[in-house]
$ cat coords.cif   # mmCIF, C-alpha atoms
data_protein
loop_
_atom_site.label_atom_id
_atom_site.label_comp_id
_atom_site.auth_asym_id
_atom_site.auth_seq_id
_atom_site.Cartn_x
_atom_site.Cartn_y
_atom_site.Cartn_z
CA MET A 1 40.39 -9.10 -3.39
CA SER A 2 40.72 -5.83 -1.53
CA SER A 3 37.99 -4.84 0.86
CA ALA A 4 37.68 -1.40 -0.77
CA LEU A 5 35.32 -2.53 -3.51
CA ARG A 6 33.26 -4.45 -0.99
CA GLU A 7 32.96 -1.33 1.13
CA ILE A 8 31.89 0.77 -1.84
CA ILE A 9 29.15 -1.71 -2.69
CA GLU A 10 28.05 -1.72 0.93
CA CYS A 11 27.71 2.07 0.77
CA LEU A 12 25.69 1.91 -2.44
CA ILE A 13 23.24 -0.54 -0.96
CA PHE A 14 23.05 1.52 2.22
CA VAL A 15 22.05 4.77 0.52
CA ALA A 16 19.59 3.12 -1.88
CA MET A 17 15.99 3.51 -0.80
CA GLU A 18 14.85 0.79 -3.18
CA PRO A 19 16.33 -2.61 -3.96
CA LEU A 20 19.62 -2.02 -5.78
CA SER A 21 20.17 -4.46 -8.62
CA LEU A 22 23.51 -5.99 -9.52
CA GLN A 23 23.09 -4.42 -12.94
CA ARG A 24 22.79 -0.99 -11.37
CA ILE A 25 25.85 -1.55 -9.20
CA LYS A 26 27.86 -2.52 -12.26
CA ALA A 27 26.59 0.55 -14.14
CA VAL A 28 27.86 2.80 -11.34
CA LEU A 29 31.19 1.06 -10.82
CA THR A 30 32.41 1.29 -14.38
CA ASP A 31 36.02 1.50 -13.22
CA TYR A 32 35.85 -2.00 -11.81
CA ASP A 33 35.90 -5.40 -13.42
CA THR A 34 32.43 -6.97 -13.43
CA GLY A 35 33.83 -10.25 -12.17
CA ASP A 36 35.40 -8.47 -9.20
CA ILE A 37 32.10 -6.72 -8.49
CA GLU A 38 30.17 -9.97 -8.46
CA GLN A 39 32.73 -11.54 -6.19
CA SER A 40 32.63 -8.58 -3.82
CA VAL A 41 28.83 -8.68 -3.69
CA ASN A 42 28.95 -12.34 -2.78
CA GLU A 43 31.60 -11.66 -0.14
CA LEU A 44 29.48 -8.90 1.29
CA LEU A 45 26.43 -11.15 1.39
CA SER A 46 28.25 -13.95 3.17
CA LEU A 47 29.81 -11.42 5.55
CA TYR A 48 26.39 -10.16 6.55
CA ALA A 49 24.93 -13.66 6.68
CA SER A 50 27.58 -14.75 9.18
CA ASN A 51 27.83 -11.55 11.17
CA GLU A 52 26.22 -11.10 14.51
CA ARG A 53 24.43 -7.95 13.45
CA GLY A 54 20.92 -6.61 13.68
CA ILE A 55 21.07 -5.53 10.06
CA GLN A 56 20.89 -7.93 7.15
CA ILE A 57 20.96 -7.68 3.38
CA ASN A 58 17.72 -8.75 1.73
CA ARG A 59 17.47 -10.01 -1.77
CA SER A 60 14.05 -8.88 -2.86
CA GLY A 61 12.39 -6.94 -5.65
CA GLY A 62 15.26 -7.78 -7.99
CA GLY A 63 18.02 -6.21 -5.90
CA PHE A 64 19.74 -5.81 -2.57
CA LEU A 65 18.38 -3.81 0.33
CA PHE A 66 19.36 -3.45 3.95
CA SER A 67 16.77 -4.32 6.53
CA THR A 68 16.61 -5.00 10.23
CA LYS A 69 16.16 -8.57 11.34
CA PRO A 70 12.50 -9.42 11.91
CA GLU A 71 13.03 -10.60 15.49
CA HIS A 72 13.89 -7.08 16.64
CA ASP A 73 10.65 -5.59 15.35
CA LEU A 74 9.26 -4.93 18.83
CA TRP A 75 12.10 -2.61 19.87
CA ILE A 76 12.10 -0.66 16.64
CA ARG A 77 8.37 -0.10 16.96
CA ARG A 78 8.95 1.27 20.45
CA LEU A 79 11.56 3.67 19.17
CA MET A 80 9.33 4.78 16.31
CA GLN A 81 6.38 5.02 18.68
CA ASP A 82 4.55 3.03 16.08
CA GLU A 83 1.86 0.49 16.53
CA ARG A 84 2.01 -2.57 14.34
CA LYS A 85 2.25 -1.69 10.68
CA SER A 86 -0.99 -2.14 8.82
CA LYS A 87 -1.47 -5.31 6.86
CA LEU A 88 -3.46 -6.03 3.74
CA HIS A 89 -7.14 -6.84 4.09
CA PRO A 90 -7.97 -10.54 3.48
CA ALA A 91 -10.01 -9.55 0.42
CA SER A 92 -7.04 -7.63 -0.97
CA LEU A 93 -4.76 -10.60 -0.32
CA GLU A 94 -7.12 -12.87 -2.24
CA THR A 95 -7.31 -10.49 -5.17
CA LEU A 96 -3.54 -10.11 -5.11
CA SER A 97 -3.10 -13.91 -5.16
CA VAL A 98 -5.40 -14.21 -8.17
CA ILE A 99 -3.41 -11.54 -10.02
CA ALA A 100 -0.03 -12.97 -9.00
CA TYR A 101 -0.84 -16.45 -10.25
CA ASN A 102 -2.93 -15.56 -13.32
CA GLN A 103 -1.33 -12.38 -14.62
CA PRO A 104 -2.08 -10.58 -16.80
CA VAL A 105 -5.70 -10.80 -15.75
CA THR A 106 -8.87 -8.70 -16.08
CA LEU A 107 -11.17 -7.51 -13.31
CA ALA A 108 -13.94 -9.80 -14.59
CA GLU A 109 -11.62 -12.81 -14.39
CA ILE A 110 -10.55 -11.90 -10.85
CA SER A 111 -14.16 -11.46 -9.75
CA SER A 112 -15.13 -14.76 -11.36
CA ILE A 113 -12.43 -16.71 -9.54
CA ARG A 114 -13.15 -15.05 -6.22
CA GLY A 115 -16.93 -15.28 -6.68
CA VAL A 116 -17.31 -11.67 -5.55
CA ASP A 117 -16.93 -8.26 -7.08
CA ALA A 118 -13.22 -7.49 -6.72
CA SER A 119 -13.25 -3.86 -7.87
CA GLN A 120 -12.85 -2.38 -4.38
CA SER A 121 -9.87 -4.49 -3.44
CA LEU A 122 -8.33 -3.95 -6.86
CA LYS A 123 -8.65 -0.20 -6.42
CA SER A 124 -6.91 -0.34 -3.08
CA LEU A 125 -4.10 -2.50 -4.51
CA LEU A 126 -3.62 -0.02 -7.36
CA GLN A 127 -3.40 2.82 -4.85
CA LYS A 128 -0.80 0.90 -2.88
CA ARG A 129 1.05 0.35 -6.16
CA LEU A 130 1.19 -3.40 -5.57
CA VAL A 131 -0.49 -3.97 -8.93
CA LYS A 132 -0.53 -1.99 -12.15
CA ILE A 133 -2.43 -1.80 -15.41
CA SER A 134 -0.39 -3.58 -18.05
CA GLY A 135 -2.57 -3.11 -21.11
CA ARG A 136 -5.86 -4.18 -22.60
CA LYS A 137 -7.11 -7.64 -23.42
CA LYS A 138 -7.94 -8.35 -27.05
CA ALA A 139 -11.47 -9.37 -26.16
CA PRO A 140 -14.90 -7.76 -26.41
CA GLY A 141 -14.88 -4.46 -24.54
CA ARG A 142 -11.06 -4.42 -24.51
CA PRO A 143 -10.92 -4.78 -20.70
CA LEU A 144 -7.88 -3.61 -18.76
CA LEU A 145 -5.27 -6.17 -17.75
CA TYR A 146 -3.54 -6.13 -14.38
CA ARG A 147 -0.12 -7.30 -13.25
CA THR A 148 1.86 -7.25 -10.03
CA THR A 149 4.64 -4.67 -9.61
CA ASP A 150 8.22 -4.73 -8.35
CA ARG A 151 6.87 -3.15 -5.23
CA PHE A 152 4.74 -6.26 -4.79
CA LEU A 153 7.88 -8.43 -4.92
CA ASN A 154 9.63 -6.19 -2.42
CA TYR A 155 6.61 -6.11 -0.12
CA PHE A 156 6.51 -9.89 0.13
CA GLY A 157 10.28 -10.30 0.16
CA LEU A 158 10.41 -11.98 -3.25
CA ASP A 159 13.34 -11.53 -5.59
CA ASP A 160 11.48 -12.64 -8.68
CA ILE A 161 7.89 -13.52 -9.58
CA LYS A 162 9.17 -17.09 -10.04
CA ASP A 163 9.83 -17.21 -6.29
CA LEU A 164 6.09 -17.19 -5.52
CA PRO A 165 4.98 -20.30 -3.58
CA SER A 166 4.84 -23.15 -6.10
CA GLN A 167 1.86 -25.37 -6.92
CA ASP A 168 3.45 -28.07 -4.75
CA GLU A 169 3.62 -25.77 -1.75
CA ILE A 170 -0.01 -24.78 -2.30
CA MET A 171 -1.11 -28.41 -2.60
CA LYS A 172 0.74 -29.14 0.63
CA ILE A 173 -1.29 -26.47 2.42
CA LEU A 174 -4.49 -27.95 1.02
CA ASP A 175 -3.54 -31.43 2.24
CA GLU A 176 -2.77 -30.09 5.70
CA GLU A 177 -6.14 -28.41 5.83
CA LYS A 178 -8.19 -31.57 5.60
CA PRO A 179 -6.95 -33.87 8.33
CA ASP A 180 -10.55 -34.42 9.45
CA ASP A 181 -11.11 -36.41 6.27
CA GLU A 182 -9.22 -39.32 7.71
CA SER A 183 -10.29 -38.95 11.30
CA MET B 1 -33.94 -29.08 4.42
CA GLU B 2 -32.12 -32.14 5.56
CA THR B 3 -30.12 -30.70 8.41
CA VAL B 4 -31.08 -28.71 11.45
CA GLN B 5 -29.21 -25.48 11.82
CA SER B 6 -27.39 -25.63 15.12
CA TYR B 7 -24.86 -22.91 14.55
CA GLN B 8 -24.87 -19.37 13.36
CA VAL B 9 -22.04 -17.84 11.46
CA ASN B 10 -22.04 -14.37 10.07
CA LEU B 11 -21.58 -14.27 6.33
CA ASP B 12 -19.02 -11.53 6.88
CA VAL B 13 -16.44 -14.03 8.05
CA PHE B 14 -16.44 -15.50 4.56
CA GLN B 15 -14.60 -13.81 1.76
CA GLY B 16 -17.44 -14.72 -0.60
CA PRO B 17 -19.79 -17.49 -1.68
CA MET B 18 -16.90 -19.73 -2.72
CA ASP B 19 -15.39 -19.41 0.72
CA LEU B 20 -18.72 -20.40 2.29
CA LEU B 21 -19.09 -23.39 -0.04
CA LEU B 22 -15.59 -24.60 0.77
CA PHE B 23 -16.34 -24.27 4.47
CA LEU B 24 -19.51 -26.36 4.12
CA ILE B 25 -17.74 -28.99 2.02
CA ARG B 26 -14.97 -29.29 4.60
CA LYS B 27 -17.41 -29.36 7.49
CA LYS B 28 -19.45 -32.15 5.88
CA LYS B 29 -16.23 -33.96 4.93
CA ILE B 30 -17.32 -34.08 1.34
CA ASP B 31 -15.05 -34.97 -1.56
CA ILE B 32 -14.82 -31.84 -3.64
CA HIS B 33 -14.93 -33.86 -6.85
CA ASP B 34 -18.12 -35.68 -5.88
CA ILE B 35 -20.38 -33.16 -4.20
CA PRO B 36 -23.84 -34.35 -3.12
CA ILE B 37 -25.44 -31.30 -4.66
CA ALA B 38 -28.80 -31.59 -2.85
CA VAL B 39 -27.12 -31.64 0.57
CA ILE B 40 -24.79 -28.79 -0.12
CA THR B 41 -27.51 -26.65 -1.73
CA GLY B 42 -29.68 -27.13 1.36
CA GLU B 43 -26.84 -26.20 3.70
CA TYR B 44 -25.92 -23.22 1.62
CA LEU B 45 -29.46 -21.85 1.48
CA ASN B 46 -29.76 -22.31 5.23
CA TYR B 47 -26.84 -19.98 5.69
CA LEU B 48 -28.37 -17.33 3.50
CA GLU B 49 -31.64 -17.48 5.40
CA ASP B 50 -29.87 -17.14 8.71
CA THR B 51 -28.33 -13.79 8.05
CA ASP B 52 -30.27 -11.06 9.79
CA LYS B 53 -28.43 -8.16 8.33
CA ILE B 54 -28.83 -7.91 4.61
CA ASN B 55 -26.08 -6.22 2.71
CA PRO B 56 -27.38 -6.12 -0.87
CA ALA B 57 -23.93 -5.68 -2.41
CA ARG B 58 -22.62 -8.76 -0.65
CA GLU B 59 -25.81 -10.82 -0.76
CA ALA B 60 -25.94 -10.53 -4.53
CA ASP B 61 -22.72 -12.49 -4.92
CA PHE B 62 -24.03 -15.18 -2.60
CA LEU B 63 -27.33 -15.35 -4.46
CA VAL B 64 -25.61 -15.85 -7.81
CA VAL B 65 -23.98 -19.00 -6.47
CA ALA B 66 -27.24 -20.07 -4.84
CA ALA B 67 -28.87 -19.84 -8.28
CA LEU B 68 -26.01 -21.86 -9.76
CA LEU B 69 -26.45 -24.56 -7.11
CA ILE B 70 -30.18 -24.81 -7.72
CA TYR B 71 -29.58 -24.95 -11.46
CA ILE B 72 -27.09 -27.79 -11.05
CA LYS B 73 -29.48 -29.58 -8.73
CA SER B 74 -32.24 -29.36 -11.33
CA GLN B 75 -29.91 -30.61 -14.05
CA MET B 76 -29.00 -33.60 -11.89
CA LEU B 77 -32.65 -34.56 -11.65
CA LEU B 78 -33.13 -34.70 -15.39
CA PRO B 79 -32.78 -38.14 -16.96
CA ARG B 80 -29.80 -38.58 -19.26
CA GLU B 81 -29.46 -40.60 -22.40
CA THR B 82 -25.93 -41.77 -21.76
CA VAL B 83 -24.31 -42.76 -18.51
CA SER B 84 -22.45 -39.75 -17.18
CA ASP B 85 -18.74 -40.10 -17.84
CA GLY B 86 -17.88 -36.98 -15.93
CA ALA B 87 -17.39 -34.72 -18.92
CA ASP B 88 -20.99 -33.56 -19.02
CA ASP B 89 -21.51 -33.68 -15.27
CA PRO B 90 -23.46 -30.49 -14.48
CA ARG B 91 -21.38 -30.16 -11.32
CA ARG B 92 -18.24 -29.82 -13.38
CA LEU B 93 -18.40 -26.04 -13.68
CA LEU B 94 -18.79 -25.60 -9.95
CA VAL B 95 -16.04 -28.09 -9.10
CA ASP B 96 -13.56 -26.38 -11.40
CA ARG B 97 -14.28 -23.04 -9.80
CA LEU B 98 -14.03 -24.47 -6.31
CA VAL B 99 -10.71 -26.16 -7.01
CA GLU B 100 -9.37 -22.94 -8.48
CA TYR B 101 -10.63 -20.89 -5.54
CA GLN B 102 -9.20 -23.37 -3.07
CA LYS B 103 -5.76 -22.86 -4.57
CA ILE B 104 -6.10 -19.08 -4.43
CA LYS B 105 -7.15 -19.27 -0.80
CA ALA B 106 -4.14 -21.39 0.05
CA ALA B 107 -1.85 -19.07 -1.91
CA SER B 108 -3.21 -16.04 -0.12
CA SER B 109 -2.59 -17.69 3.25
CA LEU B 110 1.03 -18.23 2.16
CA LEU B 111 1.29 -14.60 1.08
CA LYS B 112 -0.10 -13.56 4.45
CA GLU B 113 2.72 -15.40 6.23
CA MET B 114 5.28 -13.77 3.96
CA GLU B 115 3.72 -10.37 4.58
CA LEU B 116 3.94 -10.90 8.33
CA GLU B 117 7.62 -11.79 8.09
CA GLU B 118 8.45 -8.86 5.82
CA ILE B 119 6.51 -6.36 7.90
CA GLN B 120 8.83 -7.05 10.81
CA LYS B 121 11.86 -6.11 8.76
CA TRP B 122 12.44 -2.39 8.77
CA LYS B 123 13.90 -1.02 5.61
CA ARG B 124 15.21 2.37 4.71
CA THR B 125 12.18 2.82 2.48
CA SER B 126 10.28 3.56 5.62
CA PRO B 127 11.18 7.18 6.33
CA PRO B 128 13.60 7.49 9.24
CA VAL B 129 11.66 10.20 11.01
CA PHE B 130 10.17 10.41 14.44
CA THR B 131 7.41 12.80 13.61
CA LYS B 132 4.92 12.61 10.83
CA GLU B 133 4.95 16.34 10.16
CA GLU B 134 7.39 17.07 7.44
CA SER B 135 7.44 19.86 4.95
CA GLU B 136 8.45 19.08 1.42
CA GLU B 137 11.24 21.60 1.13
CA PHE B 138 12.58 21.94 4.62
CA ASP B 139 12.50 19.82 7.67
CA LEU B 140 10.37 22.53 9.18
CA ARG B 141 6.76 23.20 9.88
CA GLU B 142 5.09 25.15 7.13
CA ILE B 143 2.89 27.91 8.45
CA SER B 144 -0.66 28.32 7.27
CA MET B 145 -2.23 31.65 6.45
CA TYR B 146 -4.30 31.37 9.60
CA ASP B 147 -1.20 31.11 11.78
CA LEU B 148 0.18 34.19 10.10
CA ALA B 149 -3.05 36.11 10.52
CA GLU B 150 -3.16 35.25 14.20
CA ILE B 151 0.33 36.51 14.77
CA PHE B 152 -0.43 39.58 12.73
CA PHE B 153 -3.34 40.51 14.97
CA HIS B 154 -1.11 40.15 18.01
CA LEU B 155 1.22 42.60 16.40
CA LEU B 156 -1.60 45.01 15.65
CA GLN B 157 -2.64 44.90 19.29
CA ARG B 158 0.88 45.75 20.32
CA ARG B 159 0.91 48.79 18.11
CA GLU B 160 -2.57 49.91 19.06
CA ASN B 161 -1.25 52.72 21.20
CA GLU B 162 0.31 54.42 18.23
CA ASN B 163 -1.33 57.55 17.09
CA VAL B 164 -3.14 56.40 13.99
CA HIS B 165 -4.78 59.74 13.40
CA VAL B 166 -1.69 61.28 11.91
CA ILE B 167 -1.94 61.17 8.16
CA SER B 168 1.47 60.66 6.72
CA GLY B 169 0.44 61.33 3.14
CA LYS B 170 2.95 58.80 1.90
CA THR B 171 1.41 56.18 -0.37
CA PHE B 172 2.81 52.93 -1.59
CA SER B 173 1.42 49.98 -3.47
CA VAL B 174 1.40 46.28 -2.70
CA GLU B 175 3.35 45.73 -5.94
CA GLU B 176 6.15 47.94 -4.73
CA LYS B 177 6.18 46.23 -1.38
CA ILE B 178 6.36 42.82 -3.05
CA LYS B 179 9.38 43.94 -5.04
CA GLU B 180 10.96 45.26 -1.88
CA ILE B 181 10.40 41.98 -0.02
CA LEU B 182 11.71 39.87 -2.88
CA ALA B 183 14.82 42.01 -3.14
CA LEU B 184 15.35 41.67 0.59
CA LEU B 185 14.87 37.91 0.42
CA LYS B 186 17.34 37.62 -2.40
CA ASP B 187 19.83 39.59 -0.39
CA LYS B 188 19.36 38.06 3.05
CA GLY B 189 17.93 34.63 2.22
CA TYR B 190 15.11 34.93 4.70
CA ILE B 191 13.29 37.48 6.81
CA GLU B 192 11.85 37.10 10.24
CA PHE B 193 8.16 37.67 9.82
CA LEU B 194 7.33 39.44 13.06
CA GLU B 195 10.54 41.43 13.24
CA TYR B 196 10.10 42.66 9.70
CA LEU B 197 6.52 43.78 10.24
CA ASP B 198 7.49 45.46 13.46
CA SER B 199 10.22 47.40 11.69
CA GLN B 200 7.72 49.09 9.41
CA PRO B 201 7.40 52.79 10.24
CA ASP B 202 3.62 52.98 10.61
CA LEU B 203 0.48 50.89 10.77
CA GLU B 204 -0.41 51.55 7.19
CA GLU B 205 2.84 50.05 6.01
CA VAL B 206 2.50 47.13 8.38
CA LEU B 207 -0.82 46.33 6.73
CA GLY B 208 0.65 46.76 3.28
CA THR B 209 3.57 44.50 4.10
CA PHE B 210 1.29 41.85 5.52
CA PHE B 211 -0.87 41.82 2.40
CA SER B 212 2.22 41.64 0.22
CA LEU B 213 3.44 38.62 2.12
CA LEU B 214 0.07 36.91 1.81
CA GLU B 215 0.13 37.58 -1.93
CA LEU B 216 3.62 36.09 -2.21
CA ILE B 217 2.62 32.98 -0.25
CA LYS B 218 -0.50 32.60 -2.35
CA ALA B 219 1.55 32.83 -5.53
CA ASN B 220 3.84 30.13 -4.12
CA LEU B 221 6.85 32.38 -4.45
CA VAL B 222 7.78 32.35 -0.79
CA VAL B 223 7.21 29.93 2.03
CA ALA B 224 6.69 30.69 5.71
CA VAL B 225 8.18 28.13 8.05
CA GLN B 226 8.66 27.65 11.74
CA GLU B 227 11.33 25.34 13.18
CA ASN B 228 9.41 24.67 16.34
CA LEU B 229 6.31 25.88 18.03
CA PHE B 230 6.81 29.37 19.54
CA GLU B 231 9.94 29.99 17.54
CA PRO B 232 10.23 32.91 15.14
CA ILE B 233 8.53 32.43 11.79
CA LYS B 234 10.88 32.83 8.90
CA VAL B 235 9.92 33.65 5.36
CA TRP B 236 12.03 32.05 2.65
CA LEU B 237 12.09 32.31 -1.08
CA ARG B 238 10.80 29.07 -2.61
CA LYS B 239 13.34 26.94 -4.39
CA GLY B 240 13.71 27.78 -8.05
CA VAL B 241 12.14 31.24 -7.69
CA LYS B 242 14.12 34.14 -8.98
CA ALA B 243 13.72 37.39 -7.14
#

$ encode --input "coords.cif" --output "structure tokens"
Amino acid sequence: MSSALREIIECLIFVAMEPLSLQRIKAVLTDYDTGDIEQSVNELLSLYASNERGIQINRSGGGFLFSTKPEHDLWIRRLMQDERKSKLHPASLETLSVIAYNQPVTLAEISSIRGVDASQSLKSLLQKRLVKISGRKKAPGRPLLYRTTDRFLNYFGLDDIKDLPSQDEIMKILDEEKPDDES
Amino acid sequence: METVQSYQVNLDVFQGPMDLLLFLIRKKKIDIHDIPIAVITGEYLNYLEDTDKINPAREADFLVVAALLIYIKSQMLLPRETVSDGADDPRRLLVDRLVEYQKIKAASSLLKEMELEEIQKWKRTSPPVFTKEESEEFDLREISMYDLAEIFFHLLQRRENENVHVISGKTFSVEEKIKEILALLKDKGYIEFLEYLDSQPDLEEVLGTFFSLLELIKANLVVAVQENLFEPIKVWLRKGVKA
């Protein structure tokens, strides 16, 4: 396999501001065999995985995207004259977790699980485009239903909603949290 | 109350009543599936009483759960016909909610870790700029009307010495001037604001030109930009505008 195709794909991923899906790459490179494209993508991925470079290819939000390696964050922040990037508020994180694991879900359902009124955090998540309205529930009052977005996947470095921490991983956290039970 | 309050924790550290309940359950080393409801209700109410600052919006959520706890406690006191097999345990509703909330709390702590990791990766989605000022059309600073006015008054001061008492008799309209400017813009691409005003033959025309420019900016037909502070202001035709 010539390196030309690999280089083209590298360019495509480089110029893309959002995760570039394999589908999209294939749609652009109509002159090439899809098998060759897949092979070149894999070659490119392994090349970057093995390379001693500060840049890596991330697989998140259903596509490929270049990013810097997390360990160099400090220096980039200095260059950008940027303080630490802002993180989500704990309340927003909780609301987001409820939506991620129960979607599609209504505001009333979110509030009921969290035990507090979740409308503020939901509003902020909608503004950040981490969640979206996906329709209305066929229930009294036809309340709005909410889902997570692709941006949500990208923000947390997930390729697919299936890659969310599993029930097992969650149970493991819960077990770790109660060591004083035995002591 | 069975326990003496020896600690004070602000309710604000808890994400809600469920969070507080979980904290109490963990602190008392209670099995979540077999909660001594009287103990936990007492503890919970203690917390509510201890808060000095009352935030009605937040308190309400805590009070709802307090009411639920008291309700469950009262149900537990009532004699039952059959031996409880768990299905009609009045605590059931609370336990289910607590278990569910516990999972969400754990999941959100996992998401937090993932967020932290991702935040340290810089992607091209974050704009590769050093300054936050960025105009939509050009990588230049867009000038506000106030900036223009300020510069205009400087210019007027400079031309103060001119003999303004001479009446030229020549009249022109803002409409005509607008047409003239647009034609010039189409021809040259841009005009230098100050230079152009200065080139006007008399004060009357300077004023007319200035008003024309303001009209054009207001109508979003042209844009005034400045590459850097103290550099000449250039007036450009907006993209997609035909002269």

$ interface_residues --input "coords.cif" --of "chain B" --to "chain A" --cutoff "8 Å" --atoms "all atoms listed in the file" --output "PyMOL selection string"
chain B and resi 15-18+26+29+58+61+65+97+100-108+110-112+114-125+129-130

$ atom_distance --input "coords.cif" --atom1 "atom CA of Glu195 of chain B" --atom2 "atom CA of Leu182 of chain B"
16.2 Å

$ resolve_selection --input "coords.cif" --expression "the PyMOL selection byres ((chain A and resi 139-149) around 7)" --output "compact mmCIF listing (two decimals) with C-alpha atoms, in the coordinates of the input"
# COMPACT_ATOMS: atom_id res chain seq x y z
CA ILE A 99 -3.41 -11.54 -10.02
CA ALA A 100 -0.03 -12.97 -9.00
CA GLN A 103 -1.33 -12.38 -14.62
CA PRO A 104 -2.08 -10.58 -16.80
CA VAL A 105 -5.70 -10.80 -15.75
CA THR A 106 -8.87 -8.70 -16.08
CA LEU A 130 1.19 -3.40 -5.57
CA VAL A 131 -0.49 -3.97 -8.93
CA LYS A 132 -0.53 -1.99 -12.15
CA ILE A 133 -2.43 -1.80 -15.41
CA SER A 134 -0.39 -3.58 -18.05
CA GLY A 135 -2.57 -3.11 -21.11
CA ARG A 136 -5.86 -4.18 -22.60
CA LYS A 137 -7.11 -7.64 -23.42
CA LYS A 138 -7.94 -8.35 -27.05
CA ASP A 150 8.22 -4.73 -8.35
CA ARG A 151 6.87 -3.15 -5.23
CA PHE A 152 4.74 -6.26 -4.79
CA LEU A 153 7.88 -8.43 -4.92

$ residues_around --input "coords.cif" --residues "Val235 of chain B" --least-positions-apart "2" --cutoff "7 Å" --atoms "all atoms listed in the file" --output "list in words"
Tyr190, Ile191, Glu192, Phe193, Val222, Val223, Ala224, Val225, Ile233 and Leu237 of chain B

$ atom_distance --input "coords.cif" --atom1 "atom CA of Arg59 of chain A" --atom2 "atom CA of Lys128 of chain A"
21.3 Å

$ residues_around --input "coords.cif" --residues "Leu24 of chain B" --least-positions-apart "5" --cutoff "9 Å" --atoms "only C-alpha atoms" --output "list in words"
Asp19, Lys29, Ile30, Ile40, Glu43 and Tyr44 of chain B

$ atom_distance --input "coords.cif" --atom1 "atom CA of Leu94 of chain B" --atom2 "atom CA of Thr41 of chain B"
12.0 Å

$ resolve_selection --input "coords.cif" --expression "the PyMOL selection byres ((chain B and resi 76) around 12)" --output "PyMOL selection string"
chain B and resi 35-38+69-75+77-80+84+88-92

$ closest_residue --input "coords.cif" --among "B:Asp198, B:Arg238, B:Gln157, B:Ile217" --to "Lys186 of chain B" --atoms "all atoms listed in the file"
B:Arg238

$ closest_residue --input "coords.cif" --among "B:Leu98, B:Gly42, B:Ile178, B:Ala149" --to "Ala219 of chain B" --atoms "only C-alpha atoms"
B:Ile178
